[in-house]
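**Student:** Attaching a single structure in structure tokens format; questions to follow.
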Amino acid sequence: MRLVPAGLATTAALACAVVVSACGFGAGPSSGGTAMLTVTRDYGSKTLVEATDSDPPSSETVIRFLDSQADITTRYGGGFVQSIDGLAGSGDSDWFFYVNGIESPVGSADVQVKGGDRIWWDYRNWTAAMSVPEVVGSWPEPFAQASADHPRPVHVECLGVRQACEAASHRLAAAGVKAPVESGAQDGSASGPRVLVGPWKRVRTDPAVDELRAPQSTGVFATFKGPIHGGWHLIGLDQTGHPTRDLGSTAGLVAALGGSGDQPTWIVTGSGGSAVGRAADALDSSALRDRYAIAATGARPVPLPIVPGGGG
């Protein structure tokens, strides 16, 4: 999926969203479960709004949910957000939103909110990457598929370091996701979310990875440099895509990629076994919440991209 920025789209099919309460439709049947809303800025560095919506009605949309919790202004007919609580898109920064860790291909007026959904708005600089197809910050989504009518199987593809593969599977199981370990890369015929676990020298060969050449191609603000003395160094990039911090060969990486079609793909990787293990151990909400990607260093996870004053 390609991201439609919160304010850069056409006006089609948006008239009903100009005034949230003016459409004239009843609430409709509710969707069981609790939807969560998070609003942040600068790649999740600062939280601005947090809210929940229990059993949202069928008429609930992403923009309605947001409008009920924050002061917003809109543009392009009312369906795309210009500002939230006074913070407006301009120049090289804008509002983007994700549903269950996946960027939305349509405007917020056209996306229904269901029980279990995790809605995340983030105000960020898009110079280096207009599109960031997936993020890790809505864990355990997109794997839990809490709002899906027919959840798809989750594939943990083990490309080495079996212990880390098992750890990743156990982390998913603890989050309520059945994801048994599958040995080696699959042939691509199986559909559903993928988690590639293994050393970088093997993970990098997967077509979805594209060797992390640049944020504009993968949406991941990290790359690997090497081999250096037999190991690969994880390099953290800043929000403009420039190399900023050498995290060494012992840091692991947890990142989400675009995958192909509707097949979300995550990588849990690093130079060697210990780095891959650190990445697998970081698969939990405390490390991943509201992050685009993280470097697992064995201490406090380092958020990626590296934003000045953003922690880590």
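Just so we're on the same page: first chain in the structure tokens is A, next is B, and so on; residues restart at 1 for each chain, and ligands are numbered from 1 in the order they show up.
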Could you give me, as a PyMOL selection string, each residue of region 158-267 of chain A that DSSP assigns to strand (DSSP E) when run on this structure's backbone?
**Tutor:** chain A and resi 158+181-183+194-199+222-228+231-237+243-246+252-260+263-267
**Student:** Mind writing the picked residues with N, CA and C atoms as a short mmCIF file (atom, residue, chain, number, x, y, z; two decimals), in the first residue's frame?
**Tutor:**
```
data_model
loop_
_atom_site.label_atom_id
_atom_site.label_comp_id
_atom_site.auth_asym_id
_atom_site.auth_seq_id
_atom_site.Cartn_x
_atom_site.Cartn_y
_atom_site.Cartn_z
N CYS A 158 12.08 -18.79 9.32
CA CYS A 158 13.35 -18.86 10.02
C CYS A 158 14.49 -19.02 9.02
N VAL A 181 6.94 -21.59 13.71
CA VAL A 181 8.17 -21.35 12.96
C VAL A 181 8.19 -22.23 11.71
N GLU A 182 8.52 -21.62 10.58
CA GLU A 182 8.67 -22.33 9.32
C GLU A 182 10.13 -22.25 8.90
N SER A 183 10.72 -23.35 8.59
CA SER A 183 12.15 -23.38 8.26
C SER A 183 12.40 -22.81 6.88
N ARG A 194 4.16 -11.88 7.16
CA ARG A 194 5.41 -12.61 7.27
C ARG A 194 6.32 -11.95 8.30
N VAL A 195 7.06 -12.76 9.04
CA VAL A 195 8.11 -12.28 9.93
C VAL A 195 9.37 -13.04 9.55
N LEU A 196 10.33 -12.32 8.97
CA LEU A 196 11.59 -12.94 8.56
C LEU A 196 12.59 -12.81 9.70
N VAL A 197 13.07 -13.92 10.21
CA VAL A 197 13.98 -13.93 11.34
C VAL A 197 15.29 -14.60 10.93
N GLY A 198 16.40 -13.90 11.14
CA GLY A 198 17.68 -14.50 10.82
C GLY A 198 18.76 -13.45 10.66
N PRO A 199 20.00 -13.87 10.42
CA PRO A 199 21.11 -12.93 10.23
C PRO A 199 20.94 -12.12 8.96
N ALA A 222 17.20 2.87 8.43
CA ALA A 222 18.36 2.12 8.90
C ALA A 222 18.98 1.41 7.72
N THR A 223 20.25 1.08 7.86
CA THR A 223 20.93 0.30 6.85
C THR A 223 22.03 -0.49 7.53
N PHE A 224 22.58 -1.44 6.82
CA PHE A 224 23.71 -2.20 7.34
C PHE A 224 24.95 -1.89 6.52
N LYS A 225 26.06 -1.72 7.22
CA LYS A 225 27.34 -1.42 6.58
C LYS A 225 28.29 -2.58 6.81
N GLY A 226 28.94 -3.00 5.75
CA GLY A 226 29.88 -4.08 5.92
C GLY A 226 29.94 -5.01 4.74
N PRO A 227 30.51 -6.21 4.98
CA PRO A 227 30.97 -6.65 6.31
C PRO A 227 32.25 -5.93 6.76
N ILE A 228 32.32 -5.69 8.07
CA ILE A 228 33.47 -5.05 8.71
C ILE A 228 34.03 -6.05 9.71
N GLY A 231 31.65 -8.75 10.35
CA GLY A 231 30.32 -8.44 10.87
C GLY A 231 29.68 -7.27 10.14
N TRP A 232 28.36 -7.13 10.30
CA TRP A 232 27.61 -6.05 9.69
C TRP A 232 27.21 -5.05 10.77
N HIS A 233 27.52 -3.78 10.55
CA HIS A 233 27.17 -2.74 11.50
C HIS A 233 25.81 -2.14 11.14
N LEU A 234 24.93 -2.04 12.13
CA LEU A 234 23.64 -1.40 11.94
C LEU A 234 23.82 0.12 12.04
N ILE A 235 23.40 0.83 11.01
CA ILE A 235 23.54 2.28 10.97
C ILE A 235 22.16 2.92 11.06
N GLY A 236 21.97 3.76 12.09
CA GLY A 236 20.72 4.48 12.23
C GLY A 236 20.73 5.76 11.43
N LEU A 237 19.62 6.05 10.73
CA LEU A 237 19.50 7.25 9.92
C LEU A 237 18.62 8.27 10.65
N PRO A 243 22.94 9.03 7.40
CA PRO A 243 23.53 8.20 8.45
C PRO A 243 23.91 9.05 9.65
N THR A 244 23.49 8.62 10.84
CA THR A 244 23.67 9.44 12.03
C THR A 244 24.39 8.71 13.14
N ARG A 245 24.16 7.41 13.27
CA ARG A 245 24.72 6.68 14.42
C ARG A 245 25.08 5.26 14.03
N ASP A 246 26.32 4.90 14.29
CA ASP A 246 26.78 3.53 14.08
C ASP A 246 26.47 2.75 15.36
N GLY A 252 20.45 -5.40 17.06
CA GLY A 252 19.48 -6.03 16.18
C GLY A 252 18.50 -5.01 15.65
N LEU A 253 17.79 -5.38 14.60
CA LEU A 253 16.83 -4.48 13.96
C LEU A 253 15.46 -5.14 13.88
N VAL A 254 14.44 -4.40 14.30
CA VAL A 254 13.04 -4.81 14.09
C VAL A 254 12.41 -3.74 13.23
N ALA A 255 11.98 -4.12 12.03
CA ALA A 255 11.42 -3.14 11.09
C ALA A 255 10.32 -3.79 10.27
N ALA A 256 9.41 -2.94 9.79
CA ALA A 256 8.32 -3.39 8.93
C ALA A 256 8.55 -2.88 7.52
N LEU A 257 8.25 -3.72 6.55
CA LEU A 257 8.46 -3.38 5.15
C LEU A 257 7.15 -3.44 4.39
N GLY A 258 7.19 -2.95 3.17
CA GLY A 258 5.97 -2.92 2.38
C GLY A 258 5.47 -4.29 1.97
N GLY A 259 6.34 -5.26 1.85
CA GLY A 259 5.92 -6.57 1.39
C GLY A 259 5.37 -6.48 -0.02
N SER A 260 4.51 -7.39 -0.38
CA SER A 260 3.89 -7.37 -1.70
C SER A 260 2.39 -7.50 -1.54
N GLN A 263 0.42 -8.27 1.89
CA GLN A 263 1.20 -9.21 2.69
C GLN A 263 2.24 -8.46 3.50
N PRO A 264 1.88 -7.99 4.70
CA PRO A 264 2.84 -7.27 5.54
C PRO A 264 4.07 -8.13 5.83
N THR A 265 5.24 -7.50 5.83
CA THR A 265 6.49 -8.21 6.08
C THR A 265 7.31 -7.47 7.11
N TRP A 266 7.71 -8.16 8.18
CA TRP A 266 8.63 -7.62 9.18
C TRP A 266 9.95 -8.36 9.09
N ILE A 267 11.03 -7.67 9.48
CA ILE A 267 12.32 -8.33 9.59
C ILE A 267 12.81 -8.21 11.04
#
```
**Student:** If we count only C-alpha atoms and set the cut-off at 10 Å, which residues sit around Val81 (chain A), ignoring sequence neighbours fewer than 2 positions away in its own chain? Please answer as a CSV table (one decimal) with N, CA and C atoms, in the first residue's frame.
**Tutor:**
```csv
chain,number,residue,atom,x,y,z
A,5,PRO,N,-0.9,11.0,2.1
A,5,PRO,CA,-0.7,11.9,3.2
A,5,PRO,C,-2.0,12.5,3.6
A,6,ALA,N,-2.1,12.9,4.9
A,6,ALA,CA,-3.4,13.3,5.5
A,6,ALA,C,-4.0,14.5,4.7
A,7,GLY,N,-3.2,15.2,4.0
A,7,GLY,CA,-3.8,16.4,3.3
A,7,GLY,C,-3.4,16.5,1.9
A,8,LEU,N,-3.0,15.4,1.2
A,8,LEU,CA,-2.5,15.5,-0.2
A,8,LEU,C,-3.3,14.5,-1.0
A,63,ILE,N,-11.8,9.8,10.8
A,63,ILE,CA,-11.8,11.2,11.0
A,63,ILE,C,-12.8,11.5,12.1
A,66,LEU,N,-11.1,10.8,15.4
A,66,LEU,CA,-10.2,11.9,15.7
A,66,LEU,C,-10.9,13.1,16.1
A,67,ASP,N,-11.9,13.5,15.4
A,67,ASP,CA,-12.6,14.8,15.7
A,67,ASP,C,-13.3,14.8,17.1
A,72,ILE,N,-9.7,19.7,15.2
A,72,ILE,CA,-9.1,19.5,13.9
A,72,ILE,C,-9.6,20.5,12.9
A,73,THR,N,-8.8,20.8,11.9
A,73,THR,CA,-9.3,21.5,10.7
A,73,THR,C,-9.0,20.6,9.5
A,74,THR,N,-9.8,20.7,8.4
A,74,THR,CA,-9.7,19.8,7.3
A,74,THR,C,-9.5,20.6,6.0
A,75,ARG,N,-9.2,19.9,4.9
A,75,ARG,CA,-9.1,20.5,3.6
A,75,ARG,C,-9.5,19.5,2.6
A,76,TYR,N,-9.5,19.9,1.3
A,76,TYR,CA,-10.0,19.0,0.2
A,76,TYR,C,-11.4,18.5,0.5
A,78,GLY,N,-13.1,18.4,3.3
A,78,GLY,CA,-13.3,18.1,4.6
A,78,GLY,C,-12.9,16.7,5.0
A,79,GLY,N,-12.4,15.9,4.1
A,79,GLY,CA,-12.0,14.5,4.5
A,79,GLY,C,-10.6,14.3,4.8
A,83,SER,N,-4.9,20.2,10.3
A,83,SER,CA,-4.3,20.4,11.6
A,83,SER,C,-5.0,19.6,12.7
A,84,ILE,N,-4.2,19.3,13.7
A,84,ILE,CA,-4.8,18.6,14.9
A,84,ILE,C,-4.3,19.5,16.1
A,88,ALA,N,-0.4,22.2,12.2
A,88,ALA,CA,-0.8,22.1,10.8
A,88,ALA,C,0.3,21.6,9.9
A,89,GLY,N,-0.1,20.9,8.9
A,89,GLY,CA,0.8,20.5,7.8
A,89,GLY,C,1.2,21.6,7.0
A,94,ASP,N,3.8,16.9,7.4
A,94,ASP,CA,2.3,16.7,7.3
A,94,ASP,C,1.9,15.6,8.2
A,95,TRP,N,0.5,15.4,8.3
A,95,TRP,CA,-0.1,14.4,9.1
A,95,TRP,C,-0.3,13.1,8.2
A,96,PHE,N,0.1,12.0,8.8
A,96,PHE,CA,0.0,10.7,8.2
A,96,PHE,C,-0.8,9.8,9.2
A,97,PHE,N,-1.5,8.8,8.7
A,97,PHE,CA,-2.2,7.9,9.6
A,97,PHE,C,-2.1,6.4,9.2
A,107,GLY,N,-8.4,8.4,2.2
A,107,GLY,CA,-8.5,9.4,3.2
A,107,GLY,C,-9.2,8.9,4.4
A,108,SER,N,-9.1,9.6,5.5
A,108,SER,CA,-9.6,9.2,6.8
A,108,SER,C,-11.1,9.2,6.9
A,109,ALA,N,-11.8,9.9,6.0
A,109,ALA,CA,-13.2,9.9,6.0
A,109,ALA,C,-13.8,8.6,5.4
```
**Student:** Would you please work out which residue, of A:Leu283, A:Met36, A:Val49, A:Ile119, is nearest to Ser169 (chain A) when using only C-alpha atoms?
**Tutor:**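 Checking each candidate against Ser169 (chain A), we get A:Leu283 as the closest.
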**Student:** Quick one: residues within 8 Å of region 299-310 of chain A, only C-alpha atoms, excluding same-chain residues fewer than 2 positions away - as a ChimeraX atom specification?
**Tutor:** /A:42-43,45-46,220-222,236-239,244,282,287,291-297,312
**Student:** Using CA of Asp284 (chain A) and CA of Ala174 (chain A) as the two end points, give the distance in Å to one decimal.
**Tutor:**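 Distance between the two atoms: 9.2 Å.
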**Student:** What is the distance, in Å and to one decimal place, between CA of Thr250 (chain A) and CA of Ala280 (chain A)?
**Tutor:**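 We find that CA of Thr250 (chain A) and CA of Ala280 (chain A) lie 13.2 Å from each other.
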**Student:** Please provide the set of residues having any atom within 8 Å of Val39 (chain A), restricted to only C-alpha atoms, with same-chain residues fewer than 6 positions apart removed, written as a ChimeraX atom specification.
**Tutor:** /A:47-50,120-122
**Student:** Please list as a list in words every residue within 10 Å of Ala144 (chain A), counting only C-alpha atoms and excluding residues in the same chain fewer than 3 positions away.
**Tutor:**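 Once the adjacent positions are removed, what remains is Asn100, Gly116, Trp139, Pro140, Glu141, Ser147, Ala148, Pro151, Arg152, Pro153, Val154, Leu172, Ala173, Ala175, Gly176, Val177, Lys178 and Pro193 of chain A.
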**Student:** Taking only C-alpha atoms into account, which of A:Glu134, A:Ser93, A:Thr61, A:Gln69 comes nearest Pro215 (chain A)?
**Tutor:**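 So, comparing all the options, the nearest one is A:Glu134.
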